[in-house]
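Shown below: input.tsv, with TSV, C-alpha atoms.
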```tsv
chain	number	residue	atom	x	y	z
I	274	MET	CA	-70.54	-6.52	-6.30
I	275	ARG	CA	-66.95	-7.77	-6.30
I	276	PHE	CA	-65.60	-9.79	-9.21
I	277	ILE	CA	-62.46	-11.39	-10.64
I	278	HIS	CA	-62.07	-11.14	-14.42
I	279	THR	CA	-59.78	-13.44	-16.40
I	280	SER	CA	-59.80	-15.14	-19.80
I	281	ASP	CA	-57.78	-17.13	-22.33
I	282	LEU	CA	-56.86	-19.92	-19.95
I	283	HIS	CA	-56.08	-22.17	-22.95
I	284	ILE	CA	-55.93	-25.17	-20.64
I	285	GLY	CA	-54.08	-28.03	-22.32
I	286	LYS	CA	-51.92	-25.79	-24.50
I	287	THR	CA	-48.40	-26.79	-25.48
I	288	VAL	CA	-45.68	-24.34	-26.50
I	289	SER	CA	-42.79	-25.65	-28.62
I	290	GLY	CA	-43.59	-29.18	-27.44
I	291	PHE	CA	-43.72	-28.22	-23.74
I	292	SER	CA	-46.97	-28.84	-21.86
I	293	MET	CA	-48.15	-25.74	-20.00
I	294	LEU	CA	-50.33	-27.66	-17.55
I	295	GLU	CA	-47.98	-27.02	-14.63
I	296	GLU	CA	-48.06	-23.28	-15.29
I	297	GLN	CA	-51.82	-23.30	-15.74
I	298	GLU	CA	-52.43	-25.22	-12.54
I	299	ALA	CA	-50.28	-22.75	-10.59
I	300	ALA	CA	-52.14	-19.78	-12.13
I	301	LEU	CA	-55.56	-21.26	-11.36
I	302	LYS	CA	-54.50	-21.89	-7.76
I	303	GLN	CA	-53.48	-18.23	-7.40
I	304	ILE	CA	-56.80	-17.11	-8.89
I	305	MET	CA	-58.68	-19.21	-6.34
I	306	ASP	CA	-56.58	-17.66	-3.56
I	307	TYR	CA	-57.50	-14.17	-4.80
I	308	VAL	CA	-61.19	-15.09	-4.91
I	309	LYS	CA	-61.01	-16.16	-1.28
I	310	GLU	CA	-58.84	-13.24	-0.17
I	311	ARG	CA	-61.00	-10.57	-1.85
I	312	GLN	CA	-64.29	-12.36	-1.03
I	313	ALA	CA	-65.35	-12.06	-4.65
I	314	ASP	CA	-69.03	-12.50	-5.48
I	315	ALA	CA	-68.36	-13.61	-9.05
I	316	VAL	CA	-65.64	-14.94	-11.34
I	317	LEU	CA	-65.85	-13.92	-15.00
I	318	LEU	CA	-64.14	-16.27	-17.48
I	319	SER	CA	-64.26	-14.57	-20.87
I	320	GLY	CA	-63.57	-17.39	-23.29
I	321	ASP	CA	-60.86	-19.69	-24.65
I	322	LEU	CA	-61.20	-21.85	-21.57
I	323	TYR	CA	-59.45	-24.67	-23.44
I	324	ASP	CA	-56.85	-24.49	-26.17
I	325	ARG	CA	-58.65	-26.92	-28.46
I	326	SER	CA	-62.27	-27.70	-29.22
I	327	VAL	CA	-61.59	-31.27	-28.08
I	328	PRO	CA	-59.30	-30.79	-25.06
I	329	PRO	CA	-57.12	-33.57	-23.64
I	330	ALA	CA	-58.39	-35.44	-20.58
I	331	ALA	CA	-55.80	-33.80	-18.28
I	332	ALA	CA	-57.09	-30.36	-19.29
I	333	VAL	CA	-60.70	-31.28	-18.57
I	334	THR	CA	-59.73	-32.71	-15.18
I	335	MET	CA	-57.83	-29.53	-14.28
I	336	PHE	CA	-60.67	-27.22	-15.30
I	337	ASP	CA	-63.16	-29.39	-13.42
I	338	ALA	CA	-61.06	-29.11	-10.24
I	339	PHE	CA	-60.87	-25.33	-10.68
I	340	LEU	CA	-64.64	-24.94	-11.10
I	341	THR	CA	-65.32	-27.30	-8.22
I	342	GLY	CA	-63.02	-25.34	-5.93
I	343	LEU	CA	-64.69	-22.06	-6.84
I	344	SER	CA	-68.16	-23.55	-6.41
I	345	GLU	CA	-67.30	-24.80	-2.92
I	346	MET	CA	-66.47	-21.19	-1.99
I	347	GLY	CA	-70.00	-20.18	-2.89
I	348	VAL	CA	-68.90	-17.78	-5.64
I	349	THR	CA	-70.97	-17.33	-8.81
I	350	ILE	CA	-69.04	-18.55	-11.86
I	351	LEU	CA	-69.82	-17.11	-15.28
I	352	ALA	CA	-67.99	-18.48	-18.31
I	353	ILE	CA	-68.40	-18.06	-22.05
I	354	ALA	CA	-66.91	-20.00	-24.95
I	355	GLY	CA	-64.17	-18.43	-27.07
I	356	ASN	CA	-63.09	-19.15	-30.62
I	357	HIS	CA	-60.84	-22.01	-29.42
I	358	ASP	CA	-63.68	-23.70	-27.54
I	359	CYS	CA	-66.44	-26.01	-28.69
I	360	GLY	CA	-69.60	-24.23	-27.61
I	361	GLU	CA	-71.68	-27.39	-27.32
I	362	ARG	CA	-69.12	-29.00	-25.01
I	363	ILE	CA	-68.72	-25.89	-22.87
I	364	GLY	CA	-72.47	-25.54	-22.46
I	365	PHE	CA	-73.15	-29.20	-21.62
I	366	ALA	CA	-75.62	-29.53	-18.70
I	367	ASN	CA	-75.51	-25.78	-18.09
I	368	ARG	CA	-79.13	-25.58	-16.94
I	369	ILE	CA	-78.44	-28.20	-14.26
I	370	LEU	CA	-75.20	-26.51	-13.18
I	371	GLU	CA	-77.00	-23.19	-12.71
I	372	LYS	CA	-78.38	-24.56	-9.44
I	373	ARG	CA	-74.79	-24.57	-8.11
I	374	GLY	CA	-74.13	-21.03	-9.31
I	375	LEU	CA	-72.18	-22.18	-12.37
I	376	TYR	CA	-73.19	-20.56	-15.67
I	377	LEU	CA	-71.39	-22.01	-18.71
I	378	GLU	CA	-72.58	-20.26	-21.87
I	379	GLY	CA	-71.29	-22.19	-24.85
I	380	LYS	CA	-73.61	-21.01	-27.62
I	381	LEU	CA	-75.01	-17.55	-28.19
I	382	GLU	CA	-78.70	-17.09	-27.40
I	383	ALA	CA	-81.22	-14.58	-28.74
I	384	PRO	CA	-81.55	-12.40	-26.80
I	385	VAL	CA	-78.26	-12.67	-24.96
I	386	ARG	CA	-78.66	-14.53	-21.70
I	387	PHE	CA	-78.05	-12.63	-18.47
I	388	VAL	CA	-77.50	-13.42	-14.79
I	389	ASP	CA	-78.42	-11.05	-11.95
I	390	ILE	CA	-75.97	-11.02	-9.05
I	391	PRO	CA	-77.40	-9.43	-5.88
I	392	ASP	CA	-75.52	-6.94	-3.72
I	393	GLN	CA	-76.34	-4.22	-1.18
I	394	TRP	CA	-77.64	-1.85	-3.88
I	395	GLY	CA	-79.87	-4.32	-5.66
I	396	PHE	CA	-78.13	-6.39	-8.33
I	397	VAL	CA	-75.59	-6.28	-11.15
I	398	ARG	CA	-76.73	-7.83	-14.42
I	399	VAL	CA	-74.05	-9.80	-16.30
I	400	HIS	CA	-74.73	-10.48	-19.99
I	401	LEU	CA	-73.10	-13.57	-21.51
I	402	ALA	CA	-72.07	-13.27	-25.19
I	403	PRO	CA	-69.94	-16.25	-26.22
I	404	PHE	CA	-67.98	-16.14	-29.47
I	405	ALA	CA	-70.13	-16.42	-32.58
I	406	LYS	CA	-69.44	-15.72	-36.23
I	407	PRO	CA	-71.60	-13.31	-38.25
I	408	ALA	CA	-73.30	-16.15	-40.13
I	409	GLU	CA	-74.37	-17.72	-36.83
I	410	VAL	CA	-75.72	-14.40	-35.55
I	411	LYS	CA	-77.60	-13.77	-38.78
I	412	SER	CA	-79.27	-17.16	-38.60
I	413	LEU	CA	-80.01	-16.97	-34.86
I	414	TYR	CA	-81.59	-13.50	-35.05
I	415	ARG	CA	-83.22	-14.20	-38.43
I	416	CYS	CA	-81.70	-11.11	-39.99
I	417	GLU	CA	-82.41	-10.10	-43.55
I	418	GLY	CA	-79.76	-8.70	-45.84
I	419	SER	CA	-76.01	-8.94	-45.61
I	420	MET	CA	-74.06	-9.50	-42.38
I	421	LYS	CA	-70.37	-10.01	-43.13
I	422	THR	CA	-68.50	-8.32	-40.30
I	423	PHE	CA	-68.32	-9.05	-36.58
I	424	GLU	CA	-69.23	-5.44	-35.84
I	425	GLU	CA	-72.47	-5.77	-37.78
I	426	SER	CA	-73.28	-8.97	-35.94
I	427	PHE	CA	-72.56	-7.40	-32.54
I	428	GLU	CA	-74.70	-4.39	-33.35
I	429	GLU	CA	-77.55	-6.84	-33.93
I	430	ILE	CA	-76.81	-8.69	-30.67
I	431	LEU	CA	-76.83	-5.49	-28.64
I	432	ARG	CA	-80.12	-4.30	-30.15
I	433	HIS	CA	-81.86	-7.11	-28.28
I	434	VAL	CA	-80.10	-6.88	-24.90
I	435	THR	CA	-82.35	-6.62	-21.85
I	436	TYR	CA	-80.63	-3.97	-19.73
I	437	SER	CA	-81.10	-3.72	-15.97
I	438	PRO	CA	-83.36	-0.95	-14.63
I	439	GLY	CA	-80.51	0.37	-12.47
I	440	GLY	CA	-77.97	0.72	-15.28
I	441	ARG	CA	-75.51	-1.65	-13.59
I	442	ASP	CA	-74.70	-3.94	-16.51
I	443	ILE	CA	-71.58	-5.95	-17.31
I	444	LEU	CA	-70.98	-7.54	-20.71
I	445	MET	CA	-68.81	-10.63	-21.18
I	446	ALA	CA	-67.58	-11.06	-24.75
I	447	HIS	CA	-64.83	-12.77	-26.72
I	448	GLN	CA	-64.09	-10.47	-29.64
I	449	PHE	CA	-61.35	-8.51	-31.40
I	450	VAL	CA	-62.16	-5.04	-30.09
I	451	VAL	CA	-60.52	-1.87	-31.42
I	452	ASN	CA	-60.69	1.80	-30.51
I	453	GLN	CA	-61.51	3.95	-33.56
I	454	GLY	CA	-59.63	1.48	-35.73
I	455	LEU	CA	-56.60	1.41	-33.41
I	456	LEU	CA	-55.65	-2.21	-32.79
I	457	PRO	CA	-54.94	-3.57	-29.31
I	458	GLU	CA	-51.44	-4.71	-28.39
I	459	LEU	CA	-51.13	-8.17	-29.94
I	460	SER	CA	-49.13	-11.31	-29.22
I	461	ASP	CA	-47.93	-14.12	-31.47
I	462	SER	CA	-50.04	-16.67	-29.59
I	463	GLU	CA	-53.39	-15.15	-30.59
I	464	THR	CA	-55.47	-16.41	-33.50
I	465	ARG	CA	-57.28	-13.94	-35.76
I	466	VAL	CA	-60.56	-15.40	-36.97
I	467	SER	CA	-60.73	-13.46	-40.26
I	468	VAL	CA	-58.71	-11.21	-42.50
I	469	GLY	CA	-59.18	-7.70	-43.84
I	470	GLY	CA	-60.48	-6.26	-40.59
I	471	THR	CA	-63.88	-7.97	-40.72
I	472	ASP	CA	-63.29	-9.38	-37.21
I	473	GLN	CA	-62.93	-5.92	-35.64
I	474	VAL	CA	-65.56	-4.55	-33.26
I	475	GLU	CA	-65.46	-0.91	-32.15
I	476	ALA	CA	-65.27	-0.34	-28.39
I	477	ALA	CA	-67.84	2.48	-28.70
I	478	LEU	CA	-70.57	-0.16	-29.06
I	479	PHE	CA	-70.12	-1.05	-25.40
I	480	GLN	CA	-70.96	2.43	-24.09
I	481	PRO	CA	-74.17	1.23	-22.31
I	482	PHE	CA	-72.25	-1.14	-20.03
I	483	CYS	CA	-70.54	-0.10	-16.81
I	484	TYR	CA	-67.87	-2.75	-17.53
I	485	THR	CA	-67.00	-4.95	-20.52
I	486	ALA	CA	-65.06	-8.10	-19.62
I	487	LEU	CA	-63.25	-9.13	-22.80
I	488	GLY	CA	-61.32	-12.19	-23.82
I	489	HIS	CA	-59.29	-13.05	-26.93
I	490	ILE	CA	-56.18	-10.82	-26.58
I	491	HIS	CA	-53.42	-12.10	-24.29
I	492	GLY	CA	-52.12	-8.80	-22.95
I	493	CYS	CA	-54.01	-7.00	-20.17
I	494	GLN	CA	-55.18	-3.63	-21.54
I	495	GLN	CA	-57.97	-1.11	-21.70
I	496	ILE	CA	-59.54	-0.38	-25.07
I	497	GLY	CA	-60.54	3.26	-25.38
I	498	LYS	CA	-61.53	5.55	-22.53
I	499	ASN	CA	-64.50	3.57	-21.23
I	500	PRO	CA	-64.15	0.55	-18.89
I	501	VAL	CA	-63.63	-1.94	-21.72
I	502	TYR	CA	-60.86	-4.34	-20.68
I	503	TYR	CA	-58.98	-7.39	-21.84
I	504	SER	CA	-57.85	-9.25	-18.74
I	505	GLY	CA	-55.12	-10.99	-20.73
I	506	SER	CA	-54.13	-14.62	-20.35
I	507	PRO	CA	-52.92	-15.78	-16.93
I	508	VAL	CA	-49.94	-17.59	-18.49
I	509	LYS	CA	-47.38	-16.56	-21.13
I	510	TYR	CA	-47.88	-18.52	-24.34
I	511	SER	CA	-45.33	-16.96	-26.71
I	512	PHE	CA	-42.02	-15.15	-26.55
I	513	SER	CA	-43.74	-11.99	-27.72
I	514	GLU	CA	-45.24	-11.97	-24.21
I	515	CYS	CA	-41.87	-11.94	-22.40
I	516	SER	CA	-42.44	-8.39	-21.18
I	517	HIS	CA	-45.99	-9.10	-19.97
I	518	ARG	CA	-46.71	-9.11	-16.26
I	519	LYS	CA	-49.53	-11.61	-16.07
I	520	SER	CA	-52.43	-10.83	-13.77
I	521	VAL	CA	-56.16	-10.98	-13.20
I	522	LEU	CA	-58.47	-7.99	-12.83
I	523	TYR	CA	-60.32	-7.43	-9.57
I	524	GLY	CA	-63.27	-5.09	-9.82
I	525	GLU	CA	-65.99	-3.60	-7.64
I	526	VAL	CA	-69.27	-2.25	-8.99
I	527	GLY	CA	-70.49	0.72	-6.95
I	528	GLU	CA	-74.00	2.01	-6.34
I	529	ASN	CA	-74.25	3.96	-9.58
I	530	GLY	CA	-72.37	1.45	-11.71
I	531	ARG	CA	-69.03	3.09	-11.08
I	532	ILE	CA	-66.17	0.61	-11.49
I	533	THR	CA	-62.97	0.44	-9.48
I	534	LEU	CA	-60.31	-1.92	-10.83
I	535	GLU	CA	-57.07	-3.42	-9.57
I	536	ARG	CA	-54.58	-5.71	-11.27
I	537	LEU	CA	-53.60	-8.68	-9.13
I	538	PRO	CA	-50.26	-10.21	-10.21
I	539	LEU	CA	-49.74	-13.87	-11.04
I	540	THR	CA	-46.37	-15.51	-10.45
I	541	PRO	CA	-45.28	-18.19	-12.97
I	542	VAL	CA	-43.54	-21.42	-12.04
I	543	HIS	CA	-41.06	-20.74	-14.84
I	544	ASP	CA	-40.82	-17.38	-16.55
I	545	MET	CA	-40.42	-16.98	-20.32
I	546	ARG	CA	-37.44	-14.98	-21.59
I	547	LYS	CA	-34.94	-14.49	-24.42
I	548	ILE	CA	-31.18	-14.75	-24.30
I	549	ARG	CA	-28.76	-13.62	-27.01
I	550	GLY	CA	-25.06	-14.06	-27.65
I	551	ARG	CA	-22.35	-16.48	-28.65
I	552	LEU	CA	-22.90	-20.07	-27.55
I	553	ALA	CA	-19.70	-20.13	-25.49
I	554	ASP	CA	-20.79	-17.00	-23.62
I	555	LEU	CA	-24.35	-18.14	-22.96
I	556	ILE	CA	-23.22	-21.27	-21.12
I	557	LEU	CA	-20.77	-19.47	-18.85
I	558	PRO	CA	-21.71	-20.13	-15.17
I	559	GLU	CA	-22.02	-16.43	-14.36
I	560	VAL	CA	-24.41	-15.94	-17.31
I	561	VAL	CA	-26.50	-19.01	-16.53
I	562	SER	CA	-26.84	-18.08	-12.84
I	563	ALA	CA	-27.85	-14.48	-13.58
I	564	ALA	CA	-31.51	-15.63	-13.78
I	565	ASP	CA	-33.42	-18.85	-13.23
I	566	PRO	CA	-31.88	-21.39	-15.68
I	567	GLU	CA	-35.15	-23.37	-15.62
I	568	ASP	CA	-37.05	-20.52	-17.28
I	569	TYR	CA	-38.54	-21.16	-20.71
I	570	ILE	CA	-35.82	-19.92	-23.06
I	571	LEU	CA	-35.56	-18.59	-26.60
I	572	ALA	CA	-31.85	-18.48	-27.45
I	573	VAL	CA	-30.62	-16.26	-30.29
I	574	LEU	CA	-27.10	-17.27	-31.30
I	575	THR	CA	-24.76	-14.70	-32.84
I	576	ASP	CA	-22.04	-17.21	-33.82
I	577	GLU	CA	-21.02	-17.02	-37.45
I	578	THR	CA	-19.34	-20.43	-37.63
I	579	GLU	CA	-20.99	-23.85	-37.65
I	580	LEU	CA	-21.59	-25.33	-34.21
I	581	LEU	CA	-21.91	-28.94	-33.13
I	582	ASP	CA	-25.28	-29.66	-31.45
I	583	PRO	CA	-25.92	-26.14	-30.08
I	584	ILE	CA	-29.39	-27.03	-28.79
I	585	GLY	CA	-27.98	-29.96	-26.82
I	586	THR	CA	-25.23	-27.79	-25.38
I	587	LEU	CA	-27.75	-25.15	-24.29
I	588	ARG	CA	-30.14	-27.73	-22.87
I	589	SER	CA	-27.40	-29.03	-20.60
I	590	VAL	CA	-27.62	-25.74	-18.64
I	591	TYR	CA	-31.07	-24.48	-19.70
I	592	PRO	CA	-33.27	-27.63	-19.41
I	593	ASN	CA	-36.43	-25.82	-20.56
I	594	ILE	CA	-35.04	-24.20	-23.69
I	595	MET	CA	-37.92	-24.01	-26.18
I	596	GLN	CA	-36.49	-22.39	-29.28
I	597	LEU	CA	-33.15	-21.74	-30.91
I	598	LYS	CA	-32.58	-19.09	-33.57
I	599	TRP	CA	-29.58	-17.76	-35.45
I	600	GLU	CA	-29.12	-14.05	-35.86
I	601	LYS	CA	-28.76	-13.25	-39.54
I	602	TRP	CA	-27.90	-10.09	-41.36
I	603	ALA	CA	-30.29	-9.92	-44.27
I	604	VAL	CA	-29.37	-7.63	-47.12
I	605	GLU	CA	-32.17	-5.78	-48.85
I	606	GLN	CA	-32.38	-6.88	-52.46
I	607	ASP	CA	-34.67	-5.97	-55.32
I	608	ASP	CA	-36.93	-8.80	-56.40
I	609	THR	CA	-35.19	-10.58	-59.31
I	610	VAL	CA	-35.77	-13.63	-61.43
I	611	ILE	CA	-32.78	-15.89	-62.09
I	612	HIS	CA	-33.10	-17.30	-65.59
I	613	ASP	CA	-31.69	-20.62	-66.75
I	614	ASP	CA	-28.87	-19.03	-68.75
I	615	ILE	CA	-27.70	-17.02	-65.74
I	616	MET	CA	-27.81	-20.13	-63.54
I	617	LYS	CA	-25.70	-22.05	-66.04
I	618	GLU	CA	-23.24	-19.17	-66.31
I	619	LYS	CA	-22.77	-18.85	-62.57
I	620	GLY	CA	-22.69	-22.55	-61.84
I	621	PRO	CA	-23.17	-24.17	-58.38
I	622	TYR	CA	-20.31	-22.30	-56.73
I	623	GLY	CA	-21.35	-18.89	-58.06
I	624	LEU	CA	-24.98	-19.41	-57.01
I	625	PHE	CA	-23.96	-20.47	-53.51
I	626	ALA	CA	-21.59	-17.49	-53.20
I	627	ASP	CA	-24.48	-15.15	-54.06
I	628	PHE	CA	-26.74	-16.96	-51.60
I	629	TYR	CA	-24.14	-16.76	-48.83
I	630	GLU	CA	-23.71	-13.03	-49.33
I	631	LEU	CA	-27.48	-12.47	-49.42
I	632	VAL	CA	-28.03	-14.29	-46.11
I	633	THR	CA	-24.98	-13.08	-44.16
I	634	GLY	CA	-24.24	-9.75	-45.79
I	635	LYS	CA	-20.60	-10.82	-46.22
I	636	THR	CA	-18.42	-12.54	-48.78
I	637	MET	CA	-16.83	-15.88	-48.02
I	638	SER	CA	-13.32	-16.11	-46.64
I	639	GLU	CA	-10.56	-17.66	-48.77
I	640	GLU	CA	-10.80	-20.87	-46.72
I	641	GLN	CA	-14.55	-21.05	-47.19
I	642	GLU	CA	-14.21	-20.35	-50.91
I	643	ALA	CA	-11.72	-23.20	-51.30
I	644	VAL	CA	-14.00	-25.65	-49.51
I	645	MET	CA	-17.03	-24.61	-51.56
I	646	ARG	CA	-15.17	-24.74	-54.89
I	647	GLU	CA	-14.01	-28.26	-54.11
I	648	THR	CA	-17.51	-29.32	-53.05
I	649	ALA	CA	-19.09	-27.78	-56.16
I	650	GLU	CA	-16.55	-29.48	-58.45
I	651	GLN	CA	-17.18	-32.85	-56.82
I	652	ALA	CA	-20.93	-32.40	-57.23
I	653	GLU	CA	-20.59	-31.53	-60.92
I	654	GLU	CA	-18.37	-34.56	-61.51
I	655	GLU	CA	-20.92	-36.87	-59.86
I	656	VAL	CA	-23.74	-35.45	-61.99
I	657	SER	CA	-21.78	-35.75	-65.22
```

How does the structure come out when it is put into structure tokens?
Amino acid sequence: MRFIHTSDLHIGKTVSGFSMLEEQEAALKQIMDYVKERQADAVLLSGDLYDRSVPPAAAVTMFDAFLTGLSEMGVTILAIAGNHDCGERIGFANRILEKRGLYLEGKLEAPVRFVDIPDQWGFVRVHLAPFAKPAEVKSLYRCEGSMKTFEESFEEILRHVTYSPGGRDILMAHQFVVNQGLLPELSDSETRVSVGGTDQVEAALFQPFCYTALGHIHGCQQIGKNPVYYSGSPVKYSFSECSHRKSVLYGEVGENGRITLERLPLTPVHDMRKIRGRLADLILPEVVSAADPEDYILAVLTDETELLDPIGTLRSVYPNIMQLKWEKWAVEQDDTVIHDDIMKEKGPYGLFADFYELVTGKTMSEEQEAVMRETAEQAEEEVS
């Protein structure tokens, strides 16, 4: 059985006010091309299909076109809801859609629902475990006692799984999976669903499966030594993902459940990257032309003097600049409390001088001191 595994589409997402629909449409088109090229039997979509529980109309239209295109190829489509999705909306009319080979599992069932996909050695059984919180699992499985962690809830889910007689089982899940407490490589665009480690699920739980198709983490990676994989998102959604090479996973399930995997690269319309330097240097023609100026840009300015409309200046040569930051030299300070008598003693100028040194790591120049003294004196006169 041949499959394509992807997740975290987050269709409809915006980044720094920029719609990512163009990027998402291009990625989905490439995924469809891979499905056709590799003659995949199934496409596994492991959650966070949309970015919001109530997605915008354009996002729904795009996802509908994607599913329709895949369905017309005759491929089996298996999708589960993630923590960003509304399970009830994802699972709407799923029993009717099954007749077209489209399985949309929005809400967890007890036991976990499975789909058998035939191949030359019999069939591969794919188990669909959409995102669910421990309280939901406890209620669904009518568990007694405490169930506070996601690992406890998943242990309960797996106790009721109906495994295939041939041992060729794939699990689709949307969870925060760790390897002996070691966290996966994270990105800024991911949302943790709890604090204190209660959302962590150990990869060892998935030992019975020949492949675990995970969603939730945006970087493609294997968790542990067994075939437990995050496909990663097909599009970059934060500048912490600049170094990512986005892809989908193509897999084949052999006669004895042995998995062979290959990463298939995805090419963005506009890449996401960081630039750093003085404003005057960053807008030099030779610097701008060194890479695609229409990339999504995070600019880190190293100028120490005030600039007039730096974002506008950068946007004139980098039209898709998303963020602007200033490089600062923070000085480590012990936590202190500034009392009223100290504030009165220092006065506005003295407090600002301390603040300036704390932020920049330097003292003000004579010219800056003169300007600030004059400003502070004028402020005190207006107050008095």

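Within 9 Å of I:Phe479, once all atoms listed in the file are used and residues closer than 6 positions along the same chain are dropped, the contacting residues are Leu431, Leu444, Thr485, Asn499, Pro500 and Val501 of chain I.
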
- Task: Counting only C-alpha atoms, figure out which residue out of I:Gln303, I:Ser289, I:Thr279, I:Asn593 gets nearest to I:Gly505.
- Result: I:Thr279

- Message: Just the number, please: distance in Å from atom CA of I:Gln641 to atom CA of I:Ala553, one decimal.
- Response: 22.3 Å

- Task: Excluding stretch 385-389 of chain I and residues on its chain fewer than 2 positions from it, collect all residues at most 12 Å away from it, counting only C-alpha atoms, and give them as a PyMOL selection string.
- Result: chain I and resi 274+314-315+317+349-353+371+374-383+391-392+395-405+410+413-414+427+429-439+441-446

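Near (-51.0, -27.0, -9.4), the residues inside the 12 Å limit, counting all atoms listed in the file, come to I:Met293, I:Leu294, I:Glu295, I:Glu296, I:Gln297, I:Glu298, I:Ala299, I:Ala300, I:Leu301, I:Lys302, I:Gln303, I:Ile304, I:Met305, I:Thr334, I:Met335, I:Phe336, I:Ala338, I:Phe339, I:Pro541, I:Val542.
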
Return stretch 355-360 of chain I, completed with all heavy atoms, as a short mmCIF file (atom, residue, chain, number, x, y, z; two decimals), keeping the file's coordinate frame.
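File produced: result25.cif:
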```cif
data_model
loop_
_atom_site.label_atom_id
_atom_site.label_comp_id
_atom_site.auth_asym_id
_atom_site.auth_seq_id
_atom_site.Cartn_x
_atom_site.Cartn_y
_atom_site.Cartn_z
N GLY I 355 -64.94 -19.25 -26.14
CA GLY I 355 -64.17 -18.43 -27.07
C GLY I 355 -64.02 -19.13 -28.40
O GLY I 355 -64.59 -20.21 -28.62
N ASN I 356 -63.25 -18.55 -29.30
CA ASN I 356 -63.09 -19.15 -30.62
C ASN I 356 -62.31 -20.45 -30.61
O ASN I 356 -62.39 -21.25 -31.55
CB ASN I 356 -62.42 -18.15 -31.58
CG ASN I 356 -61.07 -17.67 -31.10
OD1 ASN I 356 -60.98 -17.01 -30.05
ND2 ASN I 356 -60.00 -17.98 -31.83
N HIS I 357 -61.55 -20.73 -29.53
CA HIS I 357 -60.84 -22.01 -29.42
C HIS I 357 -61.72 -23.11 -28.84
O HIS I 357 -61.36 -24.28 -28.90
CB HIS I 357 -59.60 -21.85 -28.54
CG HIS I 357 -58.42 -21.27 -29.25
ND1 HIS I 357 -57.30 -22.00 -29.58
CD2 HIS I 357 -58.19 -20.02 -29.71
CE1 HIS I 357 -56.43 -21.22 -30.20
NE2 HIS I 357 -56.94 -20.01 -30.28
N ASP I 358 -62.83 -22.74 -28.24
CA ASP I 358 -63.68 -23.70 -27.54
C ASP I 358 -64.74 -24.29 -28.45
O ASP I 358 -65.13 -23.69 -29.45
CB ASP I 358 -64.37 -23.03 -26.35
CG ASP I 358 -63.40 -22.50 -25.32
OD1 ASP I 358 -62.51 -23.27 -24.91
OD2 ASP I 358 -63.53 -21.31 -24.92
N CYS I 359 -65.25 -25.45 -28.06
CA CYS I 359 -66.44 -26.01 -28.69
C CYS I 359 -67.63 -25.60 -27.83
O CYS I 359 -67.75 -26.03 -26.67
CB CYS I 359 -66.33 -27.53 -28.77
SG CYS I 359 -67.86 -28.33 -29.32
N GLY I 360 -68.49 -24.77 -28.38
CA GLY I 360 -69.60 -24.23 -27.61
C GLY I 360 -70.50 -25.29 -27.02
O GLY I 360 -70.94 -25.19 -25.87
#
```
